[in-house]
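Report on the structure given below.
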Amino acid sequence: MAQEVSEYLSQNPRVAAWVEALRCDGETDKHWRHRREFLLRNAGDLAPTGGVAAANTEEAADAESGTRNRQLQQLISFSMAWANHVFLGCRYPQKVMDKILSMAEGIKVTGAPIHTTRDELVAKKG
């Protein structure tokens, strides 16, 4: 899948620039590669399309900017929660976990650490 993402981005420079702007400072290449895939899979209409005709007019941008900005911020938050769960073992409320895991369906992460929860450790002792 990583090859497909790279190929897609090489053919869509506006999308590549857009998604690259969402990368966090200090984010490792491995984390970014997978979080970028999460963002691209779930961006829908938030990602720019190609061509001059796709550029928003000023009034259209004003009308949509609030909703689009909220949707983008939510997508970024979900992508970070998912990456934190996969790479750092963070847990979130079940509703959030269900959402981010369904959004990440089909993303193959290799070499992710395996985390043991406190509850799992306590259960082993008992």
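Each chain of the structure tokens is named A, B, ... in the order shown, its residues numbered from 1; ligands are numbered from 1 in display order.
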
Taking the chain letters and numbering used in this document, name the residues of chain A that DSSP puts in helix (DSSP H, G or I), as a PyMOL selection string.
chain A and resi 2-11+13-20+29-42+44-46+52-54+58-88+94-103+118-125

Do you know which residues are at most 10 Å from A:Ser79 counting only C-alpha atoms, after dropping those on the same chain fewer than 4 positions away, and could you put them as a PyMOL selection string?
chain A and resi 34-39+42+73-75+83-85+100+103-104

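Using only C-alpha atoms, the nearest neighbour of A:Leu46 within the list A:Leu72, A:Ala21, A:Ala16, A:Ala81 is A:Leu72.
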
Between atom CA of A:Asp45 and atom CA of A:Arg68, what is the distance, to one decimal in Å?
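Rounded to one decimal, the two atoms are 8.9 Å apart.
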